[in-house]
$ cat structure_19.txt   # compact mmCIF, C-alpha atoms
# COMPACT_ATOMS: atom_id res chain seq x y z
CA MET A 1 111.39 122.21 100.95
CA LYS A 2 110.44 120.12 104.01
CA VAL A 3 107.07 119.33 102.43
CA CYS A 4 108.81 118.04 99.29
CA PHE A 5 111.11 115.85 101.40
CA VAL A 6 108.16 114.37 103.31
CA LEU A 7 106.28 113.69 100.07
CA GLY A 8 109.44 112.10 98.67
CA LEU A 9 109.65 109.77 101.66
CA LEU A 10 105.96 108.91 101.26
CA MET A 11 106.60 108.02 97.63
CA SER A 12 109.66 105.94 98.54
CA LEU A 13 107.70 103.98 101.14
CA VAL A 14 104.75 103.27 98.89
CA VAL A 15 107.20 102.19 96.15
CA LEU A 16 108.78 99.70 98.57
CA ASN A 17 105.33 98.62 99.73
CA TYR A 18 104.36 97.54 96.22
CA PHE A 19 107.82 96.18 95.42
CA ASP A 20 107.80 93.93 98.47
CA ARG A 21 104.34 92.48 97.85
CA GLN A 22 105.13 91.96 94.14
CA THR A 23 108.37 90.06 94.71
CA LEU A 24 106.73 86.71 95.45
CA SER A 25 104.50 86.85 92.37
CA VAL A 26 107.52 87.58 90.16
CA LEU A 27 109.41 84.67 91.73
CA LYS A 28 106.38 82.35 91.83
CA PRO A 29 107.72 79.63 89.48
CA ILE A 30 111.16 79.59 91.15
CA VAL A 31 109.84 79.61 94.73
CA LYS A 32 107.25 76.95 93.89
CA ALA A 33 109.97 74.68 92.51
CA ASP A 34 112.46 75.36 95.31
CA LEU A 35 109.97 74.89 98.17
CA THR A 36 107.89 72.20 96.39
CA LEU A 37 104.63 74.18 96.24
CA ASP A 38 101.65 74.03 93.85
CA ASP A 39 98.98 76.58 92.86
CA LYS A 40 96.77 75.59 95.79
CA ALA A 41 99.63 76.28 98.20
CA TYR A 42 100.23 79.60 96.45
CA SER A 43 96.56 80.45 96.97
CA LEU A 44 97.03 79.78 100.68
CA LEU A 45 100.04 82.10 100.70
CA THR A 46 97.91 84.90 99.27
CA PHE A 47 95.31 84.08 101.94
CA ALA A 48 97.99 84.29 104.64
CA PHE A 49 98.88 87.75 103.34
CA MET A 50 95.38 89.10 102.88
CA LEU A 51 93.62 88.00 106.07
CA PRO A 52 95.79 90.15 108.39
CA TYR A 53 95.85 92.76 105.63
CA ILE A 54 92.09 93.14 105.94
CA VAL A 55 92.11 93.30 109.74
CA MET A 56 94.88 95.87 109.85
CA TYR A 57 93.30 97.98 107.11
CA VAL A 58 90.42 98.62 109.48
CA ALA A 59 92.59 99.05 112.56
CA SER A 60 95.25 101.21 110.91
CA GLY A 61 92.93 104.15 110.27
CA ARG A 62 92.01 104.36 113.96
CA LEU A 63 95.63 103.84 115.04
CA ILE A 64 96.76 106.69 112.78
CA GLU A 65 94.13 109.05 114.14
CA ARG A 66 95.19 108.22 117.70
CA PHE A 67 98.98 107.96 117.48
CA GLY A 68 99.75 109.99 114.36
CA THR A 69 101.49 109.26 111.09
CA ARG A 70 105.02 109.52 112.50
CA ILE A 71 104.79 106.57 114.88
CA CYS A 72 102.51 104.45 112.72
CA MET A 73 104.43 104.76 109.46
CA SER A 74 107.75 104.02 111.18
CA LEU A 75 106.37 100.88 112.82
CA PHE A 76 104.49 99.68 109.76
CA ALA A 77 107.46 100.17 107.41
CA ILE A 78 109.88 98.41 109.76
CA GLY A 79 107.33 95.61 110.19
CA TRP A 80 106.84 94.90 106.49
CA SER A 81 110.60 95.20 105.89
CA ILE A 82 111.32 92.56 108.55
CA ALA A 83 108.61 90.38 106.99
CA ASN A 84 110.29 90.70 103.62
CA ILE A 85 113.66 89.72 105.08
CA ALA A 86 112.00 86.73 106.76
CA SER A 87 110.46 85.69 103.43
CA GLY A 88 113.92 85.50 101.95
CA MET A 89 115.08 83.32 104.83
CA SER A 90 112.14 80.87 104.59
CA HIS A 91 112.84 77.22 103.83
CA ASN A 92 109.34 75.73 103.87
CA PHE A 93 105.69 76.61 103.36
CA ALA A 94 104.99 77.34 107.05
CA GLN A 95 107.86 79.82 107.37
CA LEU A 96 106.91 81.59 104.15
CA ALA A 97 103.24 81.72 105.16
CA ALA A 98 104.14 83.28 108.53
CA SER A 99 106.32 85.87 106.79
CA ARG A 100 103.53 86.73 104.36
CA ALA A 101 101.10 87.09 107.27
CA LEU A 102 103.40 89.64 108.93
CA LEU A 103 103.77 91.44 105.60
CA GLY A 104 99.99 91.58 105.27
CA ALA A 105 99.60 92.99 108.79
CA ALA A 106 102.13 95.77 108.25
CA GLU A 107 101.49 96.94 104.67
CA PRO A 108 97.91 98.31 104.53
CA GLY A 109 98.55 101.20 106.94
CA VAL A 110 100.57 103.08 104.33
CA PHE A 111 97.45 104.09 102.39
CA PRO A 112 95.46 105.86 105.12
CA ILE A 113 98.79 107.35 106.26
CA ILE A 114 99.31 108.85 102.80
CA GLN A 115 95.85 110.39 102.93
CA ARG A 116 96.34 111.82 106.42
CA ALA A 117 99.97 112.94 105.92
CA ILE A 118 99.01 114.87 102.79
CA LEU A 119 96.19 116.55 104.70
CA ASN A 120 98.72 117.40 107.43
CA TRP A 121 101.44 118.81 105.21
CA VAL A 122 99.93 120.05 101.94
CA PRO A 123 97.84 123.23 101.51
CA VAL A 124 94.24 122.54 100.59
CA GLU A 125 94.57 123.97 97.07
CA ARG A 126 97.34 121.47 96.24
CA ARG A 127 96.07 118.34 97.96
CA ALA A 128 94.41 116.77 94.91
CA LEU A 129 97.64 117.11 92.95
CA ALA A 130 99.65 115.62 95.84
CA ILE A 131 97.29 112.65 96.05
CA GLY A 132 97.53 112.19 92.28
CA ILE A 133 101.33 112.11 92.48
CA VAL A 134 101.96 110.06 95.63
CA MET A 135 99.29 107.36 95.27
CA PRO A 136 100.32 106.19 91.77
CA ALA A 137 103.96 106.11 92.92
CA GLY A 138 103.24 102.61 94.15
CA ASN A 139 103.32 101.62 90.50
CA LEU A 140 107.04 102.34 90.52
CA GLY A 141 107.42 99.42 92.90
CA ALA A 142 105.55 97.17 90.49
CA ILE A 143 107.58 98.65 87.61
CA LEU A 144 110.91 98.05 89.31
CA ALA A 145 110.09 94.63 90.72
CA PRO A 146 110.35 92.46 87.56
CA PRO A 147 113.73 93.76 86.30
CA LEU A 148 115.38 94.22 89.70
CA VAL A 149 114.14 90.92 91.07
CA ALA A 150 115.37 89.21 87.89
CA VAL A 151 118.81 90.84 88.22
CA MET A 152 119.17 90.00 91.92
CA THR A 153 117.96 86.45 91.38
CA ALA A 154 120.36 85.87 88.50
CA GLY A 155 123.28 87.43 90.36
CA ILE A 156 122.96 86.35 94.00
CA GLY A 157 119.85 84.18 94.26
CA TRP A 158 116.12 84.63 94.81
CA ARG A 159 116.45 85.08 98.57
CA ALA A 160 118.40 88.32 98.09
CA ALA A 161 115.44 89.75 96.19
CA PHE A 162 113.55 89.72 99.49
CA ILE A 163 116.35 90.59 101.91
CA ILE A 164 117.94 93.61 100.19
CA PRO A 165 114.67 95.62 99.79
CA GLY A 166 113.87 94.75 103.41
CA LEU A 167 117.08 96.36 104.63
CA ILE A 168 116.39 99.45 102.50
CA GLY A 169 112.90 99.70 104.00
CA VAL A 170 114.23 99.79 107.56
CA SER A 171 116.55 102.67 106.61
CA ILE A 172 113.77 104.73 105.02
CA ALA A 173 111.49 104.10 108.01
CA MET A 174 114.14 105.65 110.26
CA LEU A 175 114.31 108.73 108.00
CA TRP A 176 110.53 109.06 108.23
CA TRP A 177 110.71 109.13 112.03
CA PHE A 178 112.94 112.20 111.96
CA ALA A 179 111.12 113.94 109.08
CA ASP A 180 107.42 113.67 109.96
CA THR A 181 107.07 116.26 112.71
CA LYS A 182 103.70 117.78 111.78
CA GLN A 183 100.70 115.85 113.06
CA ALA A 184 97.71 118.10 112.33
CA PRO A 185 96.63 120.38 109.49
CA PRO A 186 97.53 124.02 110.16
CA PRO A 187 94.54 126.08 111.34
CA SER A 188 94.80 128.31 108.27
CA LEU A 189 94.40 125.29 105.98
CA ASP A 190 91.87 123.30 107.96
CA THR A 191 89.39 125.61 109.66
CA ALA A 192 87.68 122.88 111.62
CA GLN A 193 88.31 123.12 115.34
CA PRO A 194 89.58 120.14 117.31
CA VAL A 195 86.76 117.79 118.21
CA ALA A 196 86.16 115.69 121.25
CA PRO A 197 86.30 111.90 120.97
CA ASP A 198 82.52 111.60 121.15
CA GLU A 199 82.16 114.13 118.31
CA GLU A 200 84.64 112.19 116.18
CA ALA A 201 82.80 108.96 116.90
CA ALA A 202 79.56 110.66 115.88
CA SER A 203 81.21 111.75 112.63
CA ILE A 204 82.24 108.19 111.84
CA SER A 205 78.76 107.02 112.78
CA ALA A 206 77.35 109.59 110.36
CA LEU A 207 79.76 108.33 107.69
CA LEU A 208 78.39 104.81 108.12
CA ARG A 209 74.85 106.12 107.71
CA ASP A 210 75.72 107.88 104.45
CA LYS A 211 74.43 105.96 101.43
CA ARG A 212 77.19 107.44 99.29
CA TYR A 213 79.82 105.80 101.47
CA TRP A 214 77.98 102.48 101.34
CA ALA A 215 77.88 102.76 97.55
CA ILE A 216 81.67 103.20 97.52
CA ILE A 217 81.99 100.23 99.90
CA ALA A 218 79.91 98.06 97.56
CA VAL A 219 81.94 99.17 94.56
CA ARG A 220 85.24 98.43 96.27
CA MET A 221 84.00 94.97 97.26
CA ILE A 222 83.09 94.29 93.63
CA SER A 223 86.02 95.87 91.79
CA ASP A 224 89.06 95.43 94.08
CA PRO A 225 89.44 91.67 93.38
CA VAL A 226 90.43 92.51 89.80
CA TRP A 227 93.49 94.43 90.94
CA TYR A 228 94.55 91.90 93.56
CA PHE A 229 94.24 89.00 91.14
CA TYR A 230 96.39 90.73 88.54
CA LEU A 231 98.88 91.79 91.20
CA PHE A 232 99.40 88.28 92.57
CA TRP A 233 98.83 86.05 89.54
CA ILE A 234 99.62 87.86 86.28
CA ALA A 235 103.43 87.59 86.51
CA GLY A 236 103.11 83.85 86.98
CA TYR A 237 100.58 83.66 84.14
CA LEU A 238 102.98 85.39 81.75
CA GLN A 239 105.73 82.93 82.65
CA GLU A 240 103.73 79.72 82.92
CA ARG A 241 101.12 80.21 80.16
CA VAL A 242 102.46 82.86 77.77
CA GLY A 243 106.00 81.45 77.92
CA LEU A 244 108.09 84.39 79.12
CA SER A 245 111.31 83.63 80.96
CA LEU A 246 112.17 85.48 84.15
CA SER A 247 114.62 87.69 82.28
CA GLU A 248 112.03 88.45 79.58
CA LEU A 249 109.48 89.26 82.28
CA GLY A 250 112.05 91.64 83.74
CA LEU A 251 112.17 93.49 80.42
CA VAL A 252 108.45 93.80 79.69
CA GLY A 253 106.68 93.11 82.99
CA SER A 254 106.94 96.72 84.09
CA ILE A 255 105.15 98.14 81.03
CA PRO A 256 101.60 97.89 82.45
CA TYR A 257 102.61 99.76 85.60
CA ILE A 258 104.49 102.51 83.74
CA VAL A 259 101.42 103.18 81.61
CA ALA A 260 99.16 102.98 84.70
CA MET A 261 101.22 105.60 86.51
CA LEU A 262 101.04 107.95 83.54
CA ALA A 263 97.30 107.32 83.23
CA CYS A 264 96.81 108.30 86.87
CA LEU A 265 98.71 111.54 86.38
CA VAL A 266 96.75 112.41 83.24
CA ALA A 267 93.41 111.59 84.90
CA GLY A 268 94.29 113.63 87.99
CA ARG A 269 95.37 116.59 85.90
CA PHE A 270 92.17 116.33 83.86
CA VAL A 271 89.98 116.43 86.97
CA ASP A 272 91.93 119.38 88.42
CA ARG A 273 91.66 121.40 85.21
CA ALA A 274 87.95 120.66 84.88
CA ALA A 275 87.40 121.77 88.49
CA ALA A 276 89.37 124.97 87.82
CA ARG A 277 86.95 125.74 84.97
CA GLY A 278 84.02 125.46 87.37
CA HIS A 279 82.95 121.84 86.78
CA ASP A 280 81.99 119.59 89.66
CA PRO A 281 85.08 117.40 90.28
CA ILE A 282 82.94 114.58 91.67
CA ARG A 283 80.86 114.44 88.50
CA ILE A 284 84.01 114.53 86.38
CA GLN A 285 85.46 111.66 88.40
CA LEU A 286 82.28 109.63 87.96
CA ARG A 287 82.47 110.11 84.20
CA LEU A 288 86.06 108.90 84.22
CA PHE A 289 84.95 105.83 86.14
CA ALA A 290 82.33 105.10 83.48
CA ILE A 291 84.66 105.64 80.51
CA THR A 292 87.44 103.49 81.90
CA ALA A 293 85.05 100.76 83.08
CA ALA A 294 83.92 100.33 79.47
CA LEU A 295 87.43 99.08 78.63
CA MET A 296 87.51 96.30 81.21
CA PRO A 297 85.65 93.58 79.22
CA LEU A 298 88.81 93.39 77.10
CA GLY A 299 90.29 91.39 79.99
CA ALA A 300 88.18 88.40 78.97
CA LEU A 301 90.21 88.15 75.76
CA ILE A 302 93.62 87.56 77.39
CA THR A 303 93.41 83.77 77.17
CA MET A 304 92.25 83.92 73.55
CA THR A 305 95.53 85.25 72.20
CA SER A 306 98.90 83.59 71.79
CA SER A 307 100.58 86.94 71.11
CA VAL A 308 102.74 88.29 73.94
CA ALA A 309 102.24 91.84 72.64
CA ILE A 310 98.44 91.61 72.62
CA ALA A 311 98.34 89.96 76.04
CA LEU A 312 100.54 92.74 77.43
CA LEU A 313 98.36 95.38 75.81
CA ILE A 314 95.22 93.98 77.44
CA ILE A 315 96.95 93.59 80.80
CA THR A 316 98.21 97.17 80.55
CA ILE A 317 94.67 98.46 79.96
CA VAL A 318 93.25 96.50 82.90
CA VAL A 319 96.03 97.51 85.31
CA SER A 320 95.75 101.18 84.23
CA VAL A 321 92.00 101.22 84.86
CA CYS A 322 92.43 99.58 88.28
CA GLN A 323 95.00 102.18 89.31
CA THR A 324 93.04 105.20 88.08
CA TRP A 325 90.08 103.89 90.04
CA PHE A 326 92.11 103.66 93.25
CA VAL A 327 93.27 107.27 92.85
CA GLY A 328 89.73 108.30 91.96
CA PHE A 329 88.36 106.83 95.18
CA ASN A 330 90.75 109.00 97.19
CA VAL A 331 89.53 112.06 95.29
CA LEU A 332 85.93 111.09 96.07
CA LEU A 333 86.66 110.66 99.77
CA ALA A 334 88.51 113.97 99.99
CA GLY A 335 85.62 115.74 98.29
CA LEU A 336 82.69 114.04 99.98
CA PHE A 337 83.70 113.55 103.63
CA PRO A 338 85.37 115.53 106.47
CA VAL A 339 89.15 115.62 106.79
CA LYS A 340 89.16 114.24 110.33
CA ILE A 341 87.65 110.90 109.32
CA ASN A 342 89.39 110.42 105.96
CA ALA A 343 91.99 108.02 107.38
CA SER A 344 89.27 105.80 108.85
CA ALA A 345 87.25 106.04 105.64
CA VAL A 346 90.25 104.92 103.58
CA GLY A 347 91.05 102.12 106.04
CA MET A 348 87.53 100.69 106.06
CA LEU A 349 87.28 100.83 102.28
CA GLY A 350 90.59 99.07 101.86
CA ALA A 351 89.48 96.36 104.27
CA VAL A 352 86.20 95.56 102.56
CA GLY A 353 87.84 95.55 99.14
CA ALA A 354 90.58 93.27 100.37
CA SER A 355 87.98 90.94 101.94
CA THR A 356 86.42 89.95 98.64
CA SER A 357 89.88 89.89 97.08
CA LEU A 358 90.97 87.43 99.76
CA ILE A 359 88.10 85.12 98.89
CA LEU A 360 88.95 85.24 95.19
CA ASN A 361 92.65 84.62 95.73
CA LEU A 362 91.91 81.77 98.11
CA LEU A 363 89.66 80.13 95.52
CA ALA A 364 91.80 81.00 92.50
CA GLY A 365 93.99 77.91 92.73
CA PHE A 366 90.94 75.63 92.90
CA ILE A 367 89.19 77.50 90.05
CA LEU A 368 92.29 77.17 87.90
CA ALA A 369 92.40 73.45 88.56
CA GLN A 370 88.78 73.05 87.38
CA PHE A 371 88.24 75.75 84.75
CA ASP A 372 91.67 77.23 83.97
CA TYR A 373 92.22 80.98 83.52
CA VAL A 374 89.34 81.45 81.07
CA ALA A 375 86.67 81.54 83.76
CA LEU A 376 88.68 83.88 86.00
CA PHE A 377 89.47 86.48 83.37
CA ALA A 378 85.92 86.42 81.98
CA GLY A 379 84.35 86.89 85.41
CA LEU A 380 86.69 89.72 86.38
CA ALA A 381 86.01 91.55 83.11
CA ILE A 382 82.47 92.58 84.08
CA LEU A 383 83.08 93.81 87.64
CA HIS A 384 84.13 97.41 86.88
CA PRO A 385 81.17 98.10 84.53
CA ILE A 386 78.80 96.92 87.28
CA SER A 387 80.61 99.15 89.77
CA ALA A 388 80.39 102.21 87.52
CA VAL A 389 76.62 101.82 87.30
CA ILE A 390 76.33 101.71 91.10
CA LEU A 391 78.40 104.88 91.49
CA PHE A 392 76.32 106.79 88.96
CA VAL A 393 72.99 105.62 90.40
CA VAL A 394 73.83 106.46 94.02
CA ILE A 395 76.42 109.28 94.01
CA GLY A 396 75.64 110.84 90.64
CA ARG A 397 72.07 111.54 91.65
CA THR A 398 73.20 113.42 94.77
CA ARG A 399 75.30 115.94 92.83
CA PRO A 400 73.79 119.27 91.72
CA LYS A 401 73.18 119.43 88.00
CA PRO A 402 75.37 121.88 86.02
CA ARG A 403 73.70 125.20 85.24
CA THR A 404 74.29 125.91 81.58
CA THR A 405 72.08 128.93 80.98
CA ALA A 406 71.02 132.08 82.77
CA VAL A 407 67.38 130.93 82.69
CA GLU A 408 68.31 127.64 84.36
CA SER A 409 70.45 129.49 86.86
CA ALA A 410 67.60 131.83 87.81
CA ALA A 411 65.16 128.96 88.07
CA THR A 412 67.34 126.92 90.36
CA SER A 413 68.97 129.68 92.43
CA GLY A 414 66.47 129.28 95.27
CA VAL A 415 66.54 125.49 95.40
CA ALA A 416 68.58 123.81 98.12
CA THR A 417 70.75 120.85 97.13
$ encode --input "structure_19.txt" --output "structure tokens"
Amino acid sequence: MKVCFVLGLLMSLVVLNYFDRQTLSVLKPIVKADLTLDDKAYSLLTFAFMLPYIVMYVASGRLIERFGTRICMSLFAIGWSIANIASGMSHNFAQLAASRALLGAAEPGVFPIIQRAILNWVPVERRALAIGIVMPAGNLGAILAPPLVAVMTAGIGWRAAFIIPGLIGVSIAMLWWFADTKQAPPPSLDTAQPVAPDEEAASISALLRDKRYWAIIAVRMISDPVWYFYLFWIAGYLQERVGLSLSELGLVGSIPYIVAMLACLVAGRFVDRAAARGHDPIRIQLRLFAITAALMPLGALITMTSSVAIALLIITIVVSVCQTWFVGFNVLLAGLFPVKINASAVGMLGAVGASTSLILNLLAGFILAQFDYVALFAGLAILHPISAVILFVVIGRTRPKPRTTAVESAATSGVAT
């Protein structure tokens, strides 16, 4: 029962995490008009969010391994909640930029915390399922943001859409402090003995010498900008270019994230069932990467349609692929690398992916001014197919081939992999 409560709090916090970062994109036209901003200023706001986001993504993994998930999650959640409240109280660009910077510093720690908390609390045979449930829960924040932000804005003003979730976040952070009392995997579930600091450092050093990890780093640098662009810009695109009102966005804007959450659950269940039948889960995950990457060129067609339904369909496909990839990366890390360095591995990956995303979001306003959305959507459409090729070339070749016959089994039984 305690495990379920802890997982429920994790889900609640990651929901708020996504809700809070999505609020500004939903309110982009209103905030731009009220504070007299343009797309270039909005690009700078995304930069103000993502620069500290990158730095803290790297630092958060090490902080979690030193101070534990209890202290770190409580501080991070309170920090991003205060930042959200401050966003709602901003009256000019400088105040809003400072609030977004604090939000960016506090939010990234939730993801390595999820990885480490699940390893702390969940038995090894159920960890993949727990990851598949908790990680996509962030989509609920993106699902709830358009309708709830629209309702709060219509009823009590756009500032309340920042302040009310911020107050809720502080309350949940306090619950986490009293709930998260287990800071290490039980010996029966994690047979590795405690390691000295120099041994842990050596493990991280070994991780950075592993070509498989560098392949994942390269892939995250290439593919992550797609997700961050859609997260920060697509709500504004639907309002400013497709013609949806804020209330209409509230009705349909959550559809891509609902489908993405379901897609993550289906993909996770598929990998688990394949592994239970004796298939290599890493190979299965790589195949899912390839299949879903083949859908991403559809994103180049968004600007070619005037139909709201078709645009939403394409956006839904792109968002679903991005989310299943994020969950898939966690599965890869859990299967390829030691438990004790998973938080750092997640943190470093998030940082490098956010770095290229920062560059894109910083340049997006200038690209839009010169080439409009056509160039952006077309360029983003090819990034996941390129990434899938890299994963197959580097990681796929390191996996043992399936043994389909007795003859093959006998021939390969003495070969080390």
$ closest_atom_pairs --input "structure_19.txt" --of "segment 205-230 of chain A" --to "segment 365-376 of chain A" --cutoff "12 Å" --atoms "all atoms listed in the file" --output "JSON lines"
{"residue": "A:Pro225", "atom": "CA", "partner": "A:Leu376", "partner_atom": "CA", "distance": 10.8}
{"residue": "A:Val226", "atom": "CA", "partner": "A:Leu376", "partner_atom": "CA", "distance": 9.6}
{"residue": "A:Phe229", "atom": "CA", "partner": "A:Leu376", "partner_atom": "CA", "distance": 9.1}
{"residue": "A:Tyr230", "atom": "CA", "partner": "A:Leu376", "partner_atom": "CA", "distance": 10.6}
$ closest_residue --input "structure_19.txt" --among "A:Gln239, A:Ser223, A:Ser205, A:Gln95" --to "Ile30 of chain A" --atoms "all atoms listed in the file"
A:Gln239
$ closest_residue --input "structure_19.txt" --among "A:Asp224, A:Asp20, A:Asp34, A:Asp180" --to "Leu103 of chain A" --atoms "only C-alpha atoms"
A:Asp20
$ atom_distance --input "structure_19.txt" --atom1 "atom CA of Ala275 of chain A" --atom2 "atom CA of Ile317 of chain A"
25.9 Å
$ residues_around --input "structure_19.txt" --residues "Lys2 of chain A" --least-positions-apart "2" --cutoff "12 Å" --atoms "only C-alpha atoms" --output "PyMOL selection string"
chain A and resi 4-9+121-122+176+178-182
$ atom_distance --input "structure_19.txt" --atom1 "atom CA of Phe270 of chain A" --atom2 "atom CA of Leu295 of chain A"
18.6 Å
